[in-house]
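Text of protein-v9.tsv, listed as TSV, C-alpha atoms (C1' of nucleotides):
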chain	number	residue	atom	x	y	z
A	1	MET	CA	0.00	0.00	0.00
A	2	ASP	CA	1.29	3.45	-0.86
A	3	ARG	CA	1.55	5.96	1.92
A	4	LYS	CA	0.97	9.07	-0.06
A	5	SER	CA	-0.21	12.41	1.22
A	6	ILE	CA	-1.25	15.72	-0.20
A	7	ILE	CA	-0.14	19.00	1.34
A	8	ILE	CA	-1.86	22.30	0.63
A	9	VAL	CA	0.09	25.39	1.69
A	10	GLY	CA	-0.16	29.08	0.95
A	11	PRO	CA	-0.49	32.48	2.59
A	12	THR	CA	-3.38	33.46	4.80
A	13	ALA	CA	-6.64	34.27	2.97
A	14	VAL	CA	-5.50	32.69	-0.28
A	15	GLY	CA	-8.33	30.15	-0.12
A	16	LYS	CA	-6.67	27.05	1.32
A	17	THR	CA	-9.75	25.90	3.22
A	18	GLU	CA	-12.10	25.72	0.26
A	19	TYR	CA	-9.54	24.17	-2.06
A	20	ALA	CA	-8.50	21.60	0.52
A	21	ILE	CA	-12.12	20.54	0.91
A	22	GLU	CA	-12.60	20.13	-2.84
A	23	ILE	CA	-9.39	18.16	-3.12
A	24	ALA	CA	-10.27	15.94	-0.17
A	25	LYS	CA	-13.66	15.22	-1.74
A	26	HIS	CA	-12.05	14.50	-5.07
A	27	CYS	CA	-9.65	11.87	-3.78
A	28	GLY	CA	-11.60	10.56	-0.81
A	29	GLY	CA	-9.19	12.08	1.69
A	30	GLU	CA	-9.47	13.63	5.11
A	31	ILE	CA	-8.07	16.99	6.10
A	32	VAL	CA	-5.29	17.34	8.64
A	33	SER	CA	-4.85	20.94	9.72
A	34	ALA	CA	-1.39	22.49	10.00
A	35	ASP	CA	-2.45	25.72	11.61
A	36	SER	CA	-1.13	27.00	14.91
A	37	MET	CA	-4.24	29.05	15.74
A	38	GLN	CA	-7.12	26.95	14.47
A	39	ILE	CA	-5.93	24.21	16.78
A	40	TYR	CA	-7.13	26.20	19.82
A	41	LYS	CA	-10.60	25.81	21.23
A	42	GLY	CA	-12.66	28.98	21.11
A	43	PHE	CA	-10.44	30.72	18.58
A	44	ASP	CA	-13.08	30.47	15.88
A	45	ILE	CA	-13.64	33.82	14.21
A	46	GLY	CA	-10.18	35.34	14.41
A	47	SER	CA	-8.40	32.26	13.14
A	48	ALA	CA	-10.94	31.89	10.31
A	49	LYS	CA	-11.78	28.31	11.16
A	50	PRO	CA	-13.79	26.39	8.59
A	51	THR	CA	-17.53	26.94	9.01
A	52	GLU	CA	-20.00	24.26	10.11
A	53	GLU	CA	-20.98	23.83	6.51
A	54	GLU	CA	-17.39	23.41	5.39
A	55	LEU	CA	-16.66	20.97	8.22
A	56	SER	CA	-19.56	18.83	7.12
A	57	GLN	CA	-18.14	18.45	3.63
A	58	ALA	CA	-14.93	16.73	4.66
A	59	LYS	CA	-13.58	15.22	7.84
A	60	HIS	CA	-11.15	17.61	9.58
A	61	HIS	CA	-8.46	16.75	12.14
A	62	LEU	CA	-6.43	18.86	14.57
A	63	ILE	CA	-8.85	21.75	14.63
A	64	ASP	CA	-10.41	23.04	17.85
A	65	ILE	CA	-8.73	20.54	20.15
A	66	ILE	CA	-6.26	22.38	22.40
A	67	ASP	CA	-7.05	24.38	25.52
A	68	PRO	CA	-5.75	27.87	24.72
A	69	LYS	CA	-4.46	28.28	28.27
A	70	THR	CA	-1.86	25.60	27.78
A	71	ASP	CA	1.44	26.17	26.03
A	72	PHE	CA	1.45	24.31	22.80
A	73	SER	CA	4.34	23.88	20.41
A	74	VAL	CA	5.56	22.20	17.27
A	75	ALA	CA	6.84	19.23	19.21
A	76	GLU	CA	3.34	18.30	20.39
A	77	TYR	CA	1.91	19.08	16.99
A	78	GLN	CA	4.38	16.78	15.30
A	79	LYS	CA	3.40	13.90	17.56
A	80	MET	CA	-0.34	14.42	17.23
A	81	ALA	CA	-0.18	14.86	13.49
A	82	ALA	CA	1.92	11.75	13.06
A	83	ASP	CA	-0.68	9.75	14.98
A	84	VAL	CA	-3.53	11.06	12.87
A	85	ILE	CA	-1.68	10.53	9.61
A	86	ASN	CA	-0.71	6.99	10.54
A	87	SER	CA	-4.26	6.10	11.41
A	88	LEU	CA	-5.39	7.46	8.05
A	89	PHE	CA	-2.78	5.36	6.30
A	90	ASP	CA	-4.03	2.33	8.22
A	91	ARG	CA	-7.53	2.97	6.91
A	92	ASP	CA	-6.14	3.57	3.43
A	93	VAL	CA	-7.33	7.17	3.43
A	94	THR	CA	-5.22	9.91	1.84
A	95	PRO	CA	-4.24	12.66	4.29
A	96	VAL	CA	-4.80	16.14	2.90
A	97	ILE	CA	-2.60	18.31	5.10
A	98	ALA	CA	-3.66	21.93	4.84
A	99	GLY	CA	-2.41	24.97	6.67
A	100	GLY	CA	-0.29	28.04	6.75
A	101	THR	CA	2.06	27.33	9.64
A	102	GLY	CA	5.31	26.58	7.85
A	103	LEU	CA	7.15	25.18	10.83
A	104	TYR	CA	4.34	22.69	11.46
A	105	VAL	CA	4.49	21.54	7.85
A	106	ASN	CA	8.27	21.22	8.09
A	107	SER	CA	7.92	19.07	11.19
A	108	LEU	CA	6.03	16.57	9.06
A	109	ILE	CA	7.88	16.57	5.77
A	110	TYR	CA	11.40	16.80	7.18
A	111	ASP	CA	13.16	14.66	9.71
A	112	MET	CA	12.94	17.12	12.56
A	113	ASP	CA	13.91	15.76	15.94
A	114	PHE	CA	12.23	17.26	18.97
A	115	SER	CA	13.19	14.52	21.39
A	116	HIS	CA	15.72	16.67	23.24
A	117	THR	CA	15.03	19.13	26.04
A	118	GLY	CA	11.73	20.94	25.97
A	119	LYS	CA	10.91	24.38	27.19
A	120	GLN	CA	12.62	25.23	30.47
A	121	ASP	CA	10.68	28.02	32.08
A	122	HIS	CA	13.02	28.83	34.94
A	123	ILE	CA	16.09	29.03	32.71
A	124	ARG	CA	14.18	31.05	30.19
A	125	LYS	CA	13.11	33.57	32.80
A	126	LYS	CA	16.60	33.83	34.21
A	127	LEU	CA	18.12	34.46	30.78
A	128	GLU	CA	15.43	36.98	29.92
A	129	ARG	CA	16.34	38.91	33.04
A	130	GLU	CA	20.00	38.76	32.13
A	131	ALA	CA	19.30	40.09	28.68
A	132	ASP	CA	17.32	42.89	30.23
A	133	LEU	CA	20.17	43.91	32.49
A	134	LEU	CA	23.21	43.22	30.35
A	135	GLY	CA	21.88	43.48	26.83
A	136	ASN	CA	21.31	41.11	23.93
A	137	ASP	CA	24.97	41.03	22.95
A	138	HIS	CA	25.90	39.62	26.32
A	139	LEU	CA	23.78	36.51	25.81
A	140	HIS	CA	24.97	36.15	22.27
A	141	LYS	CA	28.59	36.18	23.47
A	142	MET	CA	27.74	33.50	26.03
A	143	LEU	CA	26.35	31.37	23.25
A	144	GLU	CA	29.37	32.05	21.08
A	145	LYS	CA	31.61	30.46	23.70
A	146	GLN	CA	29.53	27.33	24.10
A	147	ASP	CA	28.06	26.78	20.66
A	148	PRO	CA	29.88	28.88	18.05
A	149	GLU	CA	27.98	27.25	15.20
A	150	ALA	CA	24.57	28.22	16.53
A	151	ALA	CA	25.83	31.68	17.47
A	152	LYS	CA	26.92	32.27	13.92
A	153	ARG	CA	23.44	31.54	12.62
A	154	LEU	CA	21.57	33.66	15.14
A	155	HIS	CA	21.45	37.44	15.15
A	156	PRO	CA	22.08	38.84	18.67
A	157	ASN	CA	18.72	40.62	18.58
A	158	ASN	CA	16.86	37.39	17.96
A	159	LEU	CA	16.56	36.88	21.70
A	160	LYS	CA	14.07	34.03	21.63
A	161	ARG	CA	16.37	31.92	19.53
A	162	VAL	CA	19.51	32.79	21.46
A	163	ILE	CA	17.78	31.93	24.72
A	164	ARG	CA	16.45	28.67	23.34
A	165	ALA	CA	19.97	27.69	22.24
A	166	LEU	CA	21.40	28.48	25.69
A	167	GLU	CA	18.53	26.60	27.30
A	168	LEU	CA	19.52	23.49	25.38
A	169	ILE	CA	23.14	23.76	26.43
A	170	GLU	CA	22.37	24.34	30.10
A	171	THR	CA	20.09	21.34	30.36
A	172	SER	CA	22.06	18.78	28.44
A	173	ASP	CA	25.72	19.22	29.39
A	174	GLY	CA	26.48	20.80	26.05
A	175	GLU	CA	25.36	17.61	24.35
A	176	SER	CA	22.60	18.93	22.16
A	177	SER	CA	22.66	22.13	20.23
A	178	LEU	CA	20.25	24.07	18.14
A	179	ARG	CA	20.33	22.50	14.76
A	180	SER	CA	20.12	24.34	11.49
A	181	PHE	CA	17.44	24.17	8.89
A	182	GLU	CA	19.91	22.80	6.33
A	183	GLU	CA	20.93	19.99	8.62
A	184	SER	CA	17.35	18.80	8.88
A	185	PHE	CA	16.60	19.17	5.22
A	186	LYS	CA	16.36	15.40	4.97
A	187	PRO	CA	12.90	14.40	3.87
A	188	ASN	CA	10.80	12.30	6.19
A	189	LYS	CA	10.60	9.00	4.33
A	190	LEU	CA	7.31	7.99	5.90
A	191	MET	CA	5.44	10.87	4.34
A	192	ASN	CA	5.88	10.83	0.59
A	193	PRO	CA	3.95	14.05	0.04
A	194	ILE	CA	2.93	16.07	-2.96
A	195	ILE	CA	2.96	19.75	-2.13
A	196	ILE	CA	0.48	22.18	-3.66
A	197	PHE	CA	1.46	25.81	-3.07
A	198	LEU	CA	-1.49	28.15	-3.65
A	199	ASN	CA	-0.77	31.82	-4.19
A	200	ARG	CA	-2.30	34.90	-5.81
A	201	ASP	CA	-1.06	38.18	-7.25
A	202	ARG	CA	0.13	40.26	-4.34
A	203	GLU	CA	-2.40	43.03	-4.85
A	204	GLU	CA	-5.32	40.63	-5.01
A	205	LEU	CA	-4.11	38.73	-1.96
A	206	TYR	CA	-3.86	41.93	0.06
A	207	ASP	CA	-7.36	42.96	-1.01
A	208	ARG	CA	-8.66	39.62	0.18
A	209	ILE	CA	-6.83	39.94	3.50
A	210	ASN	CA	-8.19	43.44	4.11
A	211	SER	CA	-11.75	42.52	3.35
A	212	ARG	CA	-11.51	39.32	5.33
A	213	VAL	CA	-10.53	41.29	8.41
A	214	ASP	CA	-13.63	43.45	7.89
A	215	ILE	CA	-15.75	40.31	7.67
A	216	LEU	CA	-14.23	38.85	10.83
A	217	LEU	CA	-15.17	42.02	12.69
A	218	GLU	CA	-18.71	41.90	11.37
A	219	SER	CA	-18.89	38.29	12.50
A	220	GLY	CA	-18.15	39.32	16.07
A	221	LEU	CA	-14.39	39.20	16.56
A	222	VAL	CA	-14.43	41.80	19.33
A	223	ARG	CA	-16.98	39.75	21.21
A	224	GLU	CA	-14.92	36.60	20.79
A	225	VAL	CA	-11.81	38.24	22.21
A	226	GLU	CA	-13.81	39.68	25.13
A	227	ASP	CA	-15.18	36.23	25.90
A	228	LEU	CA	-11.72	34.69	25.77
A	229	LYS	CA	-10.38	37.31	28.14
A	230	ASP	CA	-13.35	36.76	30.44
A	231	SER	CA	-12.61	33.07	30.47
A	232	GLY	CA	-9.25	33.84	32.04
A	233	LEU	CA	-6.91	34.14	29.08
A	234	SER	CA	-4.37	36.93	29.37
A	235	ASN	CA	-2.30	38.72	26.78
A	236	GLU	CA	0.63	36.62	27.95
A	237	ASN	CA	-0.88	33.35	26.76
A	238	ILE	CA	0.74	32.18	23.57
A	239	SER	CA	-2.64	31.66	21.97
A	240	MET	CA	-3.45	35.34	22.47
A	241	LYS	CA	-0.43	36.39	20.41
A	242	GLY	CA	-2.30	35.49	17.24
A	243	ILE	CA	-3.03	38.16	14.68
A	244	GLY	CA	-6.43	39.68	15.24
A	245	TYR	CA	-6.38	38.61	18.89
A	246	LYS	CA	-3.52	40.68	20.23
A	247	GLU	CA	-4.63	43.75	18.27
A	248	ILE	CA	-8.25	43.56	19.44
A	249	ALA	CA	-7.03	42.88	22.98
A	250	GLY	CA	-5.13	46.16	22.82
A	251	PHE	CA	-8.33	47.94	21.90
A	252	ILE	CA	-10.26	46.24	24.71
A	253	ASP	CA	-7.52	47.27	27.13
A	254	GLY	CA	-7.99	50.85	26.00
A	255	GLU	CA	-4.61	51.32	24.35
A	256	TYR	CA	-6.12	52.65	21.13
A	257	ASP	CA	-9.44	52.89	19.29
A	258	LEU	CA	-11.10	50.20	17.21
A	259	ASP	CA	-10.08	51.74	13.87
A	260	HIS	CA	-6.47	51.52	14.88
A	261	ALA	CA	-6.91	47.90	15.98
A	262	ILE	CA	-8.37	47.11	12.57
A	263	TYR	CA	-5.54	48.91	10.81
A	264	LEU	CA	-2.98	46.91	12.82
A	265	THR	CA	-4.75	43.61	12.20
A	266	LYS	CA	-4.79	44.20	8.46
A	267	ARG	CA	-1.17	45.32	8.33
A	268	ASN	CA	0.07	42.42	10.47
A	269	SER	CA	-1.91	39.93	8.37
A	270	ARG	CA	-0.30	41.30	5.23
A	271	ARG	CA	3.16	41.03	6.71
A	272	TYR	CA	2.40	37.53	7.89
A	273	ALA	CA	1.28	36.51	4.40
A	274	LYS	CA	4.54	37.89	3.07
A	275	ARG	CA	6.54	35.75	5.52
A	276	GLN	CA	4.52	32.66	4.64
A	277	ILE	CA	5.27	33.14	0.96
A	278	THR	CA	8.98	33.44	1.76
A	279	TRP	CA	8.79	30.24	3.74
A	280	PHE	CA	6.94	28.18	1.15
A	281	ASN	CA	9.20	29.44	-1.62
A	282	ARG	CA	11.83	27.19	-0.09
A	283	TYR	CA	9.96	24.02	-0.96
A	284	PRO	CA	11.77	22.99	-4.11
A	285	ASP	CA	9.28	20.35	-5.23
A	286	ALA	CA	6.09	22.29	-4.57
A	287	HIS	CA	3.58	22.55	-7.41
A	288	ARG	CA	2.69	26.20	-7.59
A	289	PHE	CA	-0.67	27.55	-8.61
A	290	ASN	CA	-1.27	31.28	-8.90
A	291	LEU	CA	-5.04	31.40	-8.48
A	292	SER	CA	-5.10	34.87	-10.07
A	293	ASP	CA	-4.12	33.30	-13.38
A	294	TYR	CA	-7.27	31.22	-13.70
A	295	GLY	CA	-10.78	32.15	-14.72
A	296	SER	CA	-12.64	30.06	-12.19
A	297	LYS	CA	-12.21	27.78	-9.22
A	298	GLU	CA	-13.33	24.82	-11.32
A	299	GLU	CA	-10.63	25.54	-13.86
A	300	VAL	CA	-7.82	25.55	-11.27
A	301	LEU	CA	-9.20	22.44	-9.64
A	302	THR	CA	-9.06	20.59	-12.94
A	303	TYR	CA	-5.35	21.31	-13.19
A	304	ILE	CA	-4.62	20.62	-9.54
A	305	CYS	CA	-6.48	17.31	-9.62
A	306	LYS	CA	-4.64	16.28	-12.74
A	307	VAL	CA	-1.32	16.78	-10.97
A	308	ILE	CA	-2.57	14.94	-7.91
A	309	GLU	CA	-3.94	12.00	-9.87
A	310	THR	CA	-0.68	11.47	-11.69
A	311	PHE	CA	1.03	11.45	-8.33
A	312	LEU	CA	-1.42	9.15	-6.57
A	313	TYR	CA	-1.53	6.51	-9.25
A	314	GLN	CA	2.20	6.32	-9.75
A	315	THR	CA	3.33	3.06	-8.26
A	316	GLY	CA	5.32	3.92	-5.18
A	317	ASN	CA	8.91	2.79	-5.25
A	318	GLN	CA	10.39	4.31	-2.17
C	1	G	C1'	-12.94	89.40	-4.38
C	2	C	C1'	-8.85	90.46	-0.79
C	3	C	C1'	-5.12	88.76	2.92
C	4	C	C1'	-2.13	84.78	5.00
C	5	A	C1'	-0.01	79.84	4.92
C	6	G	C1'	1.26	75.60	2.23
C	7	A	C1'	2.52	72.46	-2.40
C	8	U	C1'	9.06	67.67	-1.59
C	9	A	C1'	8.73	59.50	-1.70
C	10	G	C1'	2.43	55.69	-1.97
C	11	C	C1'	1.01	58.72	2.98
C	12	U	C1'	2.48	62.42	7.04
C	13	C	C1'	6.20	65.72	7.01
C	14	A	C1'	11.63	67.52	7.73
C	15	G	C1'	15.49	69.84	4.87
C	16	U	C1'	18.75	72.19	1.38
C	17	U	C1'	22.60	79.91	4.42
C	18	G	C1'	21.60	78.31	-4.01
C	19	G	C1'	25.64	72.76	-5.96
C	20	U	C1'	19.09	67.76	-8.00
C	21	A	C1'	17.41	65.59	-1.01
C	22	G	C1'	15.78	62.34	4.35
C	23	A	C1'	12.79	60.60	8.68
C	24	G	C1'	8.50	57.85	10.34
C	25	C	C1'	4.69	54.86	8.42
C	26	A	C1'	3.18	51.91	4.17
C	27	G	C1'	5.95	48.65	0.77
C	28	U	C1'	9.87	44.98	-0.90
C	29	A	C1'	13.48	41.04	0.05
C	30	G	C1'	15.44	37.45	3.43
C	31	A	C1'	16.34	34.20	7.92
C	32	C	C1'	13.99	30.48	10.86
C	33	U	C1'	14.64	23.16	14.91
C	34	G	C1'	10.10	23.02	21.42
C	35	A	C1'	6.41	30.81	21.54
C	36	A	C1'	6.23	30.16	14.55
C	37	A	C1'	-0.32	34.25	13.34
C	38	A	C1'	5.95	34.10	17.21
C	39	U	C1'	10.87	36.16	16.68
C	40	C	C1'	14.65	38.55	13.89
C	41	U	C1'	17.64	40.98	9.65
C	42	A	C1'	18.34	44.03	5.29
C	43	C	C1'	16.56	47.62	1.36
C	44	G	C1'	14.31	51.41	-2.24
C	45	U	C1'	11.58	54.77	-4.19
C	46	G	C1'	11.52	61.41	-6.18
C	47	U	C1'	9.75	66.02	-13.19
C	48	C	C1'	11.25	68.74	-4.81
C	49	C	C1'	3.27	71.94	-8.34
C	50	G	C1'	3.77	74.69	-13.34
C	51	U	C1'	5.99	78.70	-15.81
C	52	G	C1'	9.20	83.02	-16.62
C	53	G	C1'	13.36	85.77	-14.31
C	54	U	C1'	18.13	86.46	-11.46
C	55	U	C1'	22.53	83.10	-11.46
C	56	C	C1'	28.05	79.41	-13.91
C	57	G	C1'	24.10	76.64	-11.49
C	58	A	C1'	17.22	77.20	-8.83
C	59	U	C1'	13.75	72.25	-5.52
C	60	U	C1'	15.78	76.52	-2.56
C	61	C	C1'	15.65	83.62	-4.14
C	62	C	C1'	11.98	86.92	-7.09
C	63	G	C1'	7.42	87.53	-10.46
C	64	C	C1'	3.11	85.25	-12.49
C	65	G	C1'	-0.23	81.07	-12.71
C	66	U	C1'	-2.72	76.60	-10.69
C	67	C	C1'	-4.38	73.86	-6.61
C	68	U	C1'	-5.27	73.07	-1.16
C	69	G	C1'	-6.10	74.90	3.79
C	70	G	C1'	-7.26	79.20	7.16
C	71	G	C1'	-8.94	84.22	7.82
C	72	C	C1'	-11.51	88.85	6.14
C	73	A	C1'	-15.41	90.73	3.25

Output the file's structure in the form of structure tokens.
Amino acid sequence: MDRKSIIIVGPTAVGKTEYAIEIAKHCGGEIVSADSMQIYKGFDIGSAKPTEEELSQAKHHLIDIIDPKTDFSVAEYQKMAADVINSLFDRDVTPVIAGGTGLYVNSLIYDMDFSHTGKQDHIRKKLEREADLLGNDHLHKMLEKQDPEAAKRLHPNNLKRVIRALELIETSDGESSLRSFEESFKPNKLMNPIIIFLNRDREELYDRINSRVDILLESGLVREVEDLKDSGLSNENISMKGIGYKEIAGFIDGEYDLDHAIYLTKRNSRRYAKRQITWFNRYPDAHRFNLSDYGSKEEVLTYICKVIETFLYQTGNQ
RNA sequence: GCCCAGAUAGCUCAGUUGGUAGAGCAGUAGACUGAAAAUCUACGUGUCCGUGGUUCGAUUCCGCGUCUGGGCA
């Protein structure tokens, strides 16, 4: 039996959800989300989760399952996704992995190893304090002494990364170090994926992002953020750092007016889309589709499905 | 109609004692191994409103025009 999977990636608001559903229907697959916000319970409007109607059209996994008060990370995602994907393979169902979180997708298609030390809160806090007192360069110099390779890759101002690297050294007797992207560029042999990279002309994409933010507000985004805060979530929770959430939270806290919150949400979504495109541009084997080049959704789907069919019915020889 | 102020990057504006210009924001490009919707790095762009004059040289000074604010009638 071939263990083949389909991966749909692309920037926010490009239309991944609807295309993933069509593709899943077309090849009898089930959708596995690779989205770091849609995974949280209660983050419905701001993360643009699929609607009830969309959910009923294809089975979705890894959406709406994590308590937003807990700290979640790629490591957990990788494990959960692997379980889901394996169970789909067992049932001879094609996984259609869809989402915009590049690191999550990488954790599936590349051999990324998260078995070493996890997050170490006390060390992290200590180092953060040190950076505060002595400056970013100080921590970077510390890292340089103990792991020159990692230090070379990390800019001193990228505090989170520098701290993470030091955290690894402190907890593992210098054994493990922060590994580079290149080093882990080995494909995960269990996956055998075909990657579909959906994009649009920049101007059109930005128009879609801007008007989607307006729609999210009309659908009650402010209310959703208020409810989340009432339920005990604070701005410090990782889940609340999502675009649309942190900006509206600032408005609710009285830092600025709603118009400014909307402006920030739109701008940050645009910048995020830009970063996603940069990330997915690194996938050498991705099949790219610029949706702006086609007359209709049906037309694109014809082409996409053709590519997928060729892939699925190739006899696997891995 | 008269008086005053302004017109410079996509936007808001600074500046050039006359030698064709720079900040913020927007934008563009990139990095990424346990926060990733996070975090970090790098980079432009210009008929300096038009027109005539003074000048070796005008975006800068002067005249006229146009437009935009504000005031007075």

*For atom CA of A:Arg212 and atom CA of A:Ala249, the interatomic separation in Å (one decimal)*: 18.6 Å

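Within 10 Å of chain A, and using all atoms listed in the file, the residues found on chain C are A26, U28, A29, G30, A31, C32, U33, G34, A35, A36, A37, A38, U39, C40 and U41 of chain C.
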
Excluding stretch 4-14 of chain C and its own-chain neighbours fewer than 3 positions away, which residues fall within 10 Å of it when counting all atoms listed in the file? Please give them as a CSV table (one decimal) with C-alpha atoms (C1' of nucleotides), in the frame of the given file.
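Contents of out.csv, freshly written:
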chain,number,residue,atom,x,y,z
C,21,A,C1',17.4,65.6,-1.0
C,22,G,C1',15.8,62.3,4.4
C,23,A,C1',12.8,60.6,8.7
C,24,G,C1',8.5,57.8,10.3
C,25,C,C1',4.7,54.9,8.4
C,26,A,C1',3.2,51.9,4.2
C,27,G,C1',6.0,48.6,0.8
C,44,G,C1',14.3,51.4,-2.2
C,45,U,C1',11.6,54.8,-4.2
C,46,G,C1',11.5,61.4,-6.2
C,48,C,C1',11.2,68.7,-4.8
C,49,C,C1',3.3,71.9,-8.3
C,59,U,C1',13.8,72.2,-5.5
C,67,C,C1',-4.4,73.9,-6.6
C,68,U,C1',-5.3,73.1,-1.2
C,69,G,C1',-6.1,74.9,3.8
C,70,G,C1',-7.3,79.2,7.2
C,71,G,C1',-8.9,84.2,7.8

Kindly provide, as a compact mmCIF listing (two decimals) with C-alpha atoms, in the coordinates of the input, the polymer residues lying within 12 Å of (-11.7, 37.8, 3.4), counting only C-alpha atoms (C1' of nucleotides) and using the coordinates exactly as they appear in the file.
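Once written, point.txt looks like this:
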# COMPACT_ATOMS: atom_id res chain seq x y z
CA THR A 12 -3.38 33.46 4.80
CA ALA A 13 -6.64 34.27 2.97
CA VAL A 14 -5.50 32.69 -0.28
CA GLY A 15 -8.33 30.15 -0.12
CA ILE A 45 -13.64 33.82 14.21
CA GLY A 46 -10.18 35.34 14.41
CA SER A 47 -8.40 32.26 13.14
CA ALA A 48 -10.94 31.89 10.31
CA GLU A 204 -5.32 40.63 -5.01
CA LEU A 205 -4.11 38.73 -1.96
CA TYR A 206 -3.86 41.93 0.06
CA ASP A 207 -7.36 42.96 -1.01
CA ARG A 208 -8.66 39.62 0.18
CA ILE A 209 -6.83 39.94 3.50
CA ASN A 210 -8.19 43.44 4.11
CA SER A 211 -11.75 42.52 3.35
CA ARG A 212 -11.51 39.32 5.33
CA VAL A 213 -10.53 41.29 8.41
CA ASP A 214 -13.63 43.45 7.89
CA ILE A 215 -15.75 40.31 7.67
CA LEU A 216 -14.23 38.85 10.83
CA LEU A 217 -15.17 42.02 12.69
CA GLU A 218 -18.71 41.90 11.37
CA SER A 219 -18.89 38.29 12.50
CA LYS A 266 -4.79 44.20 8.46
CA SER A 269 -1.91 39.93 8.37

*asked:* Using all atoms listed in the file, which protein or nucleic acid residues come within 12 Å of C:G52? Drop anything in the same chain fewer than 2 positions from it, and give the result as a list in words.
replied: G50, U54, C62, G63, C64 and G65 of chain C

*Any idea what's packed within 7 Å of stretch 122-125 of chain A, counting all atoms listed in the file, ignoring anything in its chain fewer than 4 positions away? Could you give it as a list in words?*
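These residues fall inside the cut-off: Arg129, Ile163 and Glu167 of chain A.
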
_For A:Leu312, find every residue with an atom within 10 Å (counting all atoms listed in the file), except residues of its own chain fewer than 4 positions away, and show them as a list in words._
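Once the nearby chain positions are removed, what remains is Asp2, Arg3, Lys4, Ser5, Ile6, Cys27, Thr94, Pro193, Ile194, Lys306, Val307, Ile308 and Gly316 of chain A.
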
*To one decimal in Å, tell me the separation between atom CA of A:Thr265 and atom CA of A:Gly220.*
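Spanning atom CA of A:Thr265 to atom CA of A:Gly220 is a straight-line distance of 14.6 Å.
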
If I only have part of stretch 216-220 of chain A, can you fill in all heavy atoms and write it as a PDB file, in the coordinates of the input?
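Written output follows (result-v9.pdb):
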ATOM      1  N   LEU A 216     -14.412  39.435   9.497  1.00  0.00           N
ATOM      2  CA  LEU A 216     -14.230  38.850  10.830  1.00  0.00           C
ATOM      3  C   LEU A 216     -14.811  39.767  11.900  1.00  0.00           C
ATOM      4  O   LEU A 216     -15.403  39.308  12.873  1.00  0.00           O
ATOM      5  CB  LEU A 216     -12.746  38.609  11.126  1.00  0.00           C
ATOM      6  CG  LEU A 216     -11.997  37.638  10.205  1.00  0.00           C
ATOM      7  CD1 LEU A 216     -10.566  37.453  10.672  1.00  0.00           C
ATOM      8  CD2 LEU A 216     -12.699  36.294  10.118  1.00  0.00           C
ATOM      9  N   LEU A 217     -14.633  41.077  11.701  1.00  0.00           N
ATOM     10  CA  LEU A 217     -15.170  42.020  12.690  1.00  0.00           C
ATOM     11  C   LEU A 217     -16.684  42.006  12.677  1.00  0.00           C
ATOM     12  O   LEU A 217     -17.311  42.029  13.733  1.00  0.00           O
ATOM     13  CB  LEU A 217     -14.616  43.414  12.432  1.00  0.00           C
ATOM     14  CG  LEU A 217     -13.352  43.573  13.270  1.00  0.00           C
ATOM     15  CD1 LEU A 217     -12.140  43.815  12.461  1.00  0.00           C
ATOM     16  CD2 LEU A 217     -13.573  44.584  14.358  1.00  0.00           C
ATOM     17  N   GLU A 218     -17.244  41.960  11.457  1.00  0.00           N
ATOM     18  CA  GLU A 218     -18.710  41.900  11.370  1.00  0.00           C
ATOM     19  C   GLU A 218     -19.237  40.623  12.004  1.00  0.00           C
ATOM     20  O   GLU A 218     -20.353  40.594  12.524  1.00  0.00           O
ATOM     21  CB  GLU A 218     -19.150  41.958   9.899  1.00  0.00           C
ATOM     22  CG  GLU A 218     -19.134  43.372   9.319  1.00  0.00           C
ATOM     23  CD  GLU A 218     -19.197  43.351   7.794  1.00  0.00           C
ATOM     24  OE1 GLU A 218     -19.801  42.406   7.229  1.00  0.00           O
ATOM     25  OE2 GLU A 218     -18.618  44.263   7.176  1.00  0.00           O
ATOM     26  N   SER A 219     -18.432  39.564  11.944  1.00  0.00           N
ATOM     27  CA  SER A 219     -18.890  38.290  12.500  1.00  0.00           C
ATOM     28  C   SER A 219     -18.746  38.239  14.016  1.00  0.00           C
ATOM     29  O   SER A 219     -19.063  37.215  14.619  1.00  0.00           O
ATOM     30  CB  SER A 219     -18.103  37.133  11.895  1.00  0.00           C
ATOM     31  OG  SER A 219     -17.923  37.318  10.526  1.00  0.00           O
ATOM     32  N   GLY A 220     -18.191  39.296  14.616  1.00  0.00           N
ATOM     33  CA  GLY A 220     -18.150  39.320  16.070  1.00  0.00           C
ATOM     34  C   GLY A 220     -16.797  39.054  16.693  1.00  0.00           C
ATOM     35  O   GLY A 220     -16.711  38.481  17.785  1.00  0.00           O
TER      36      GLY A 220
END
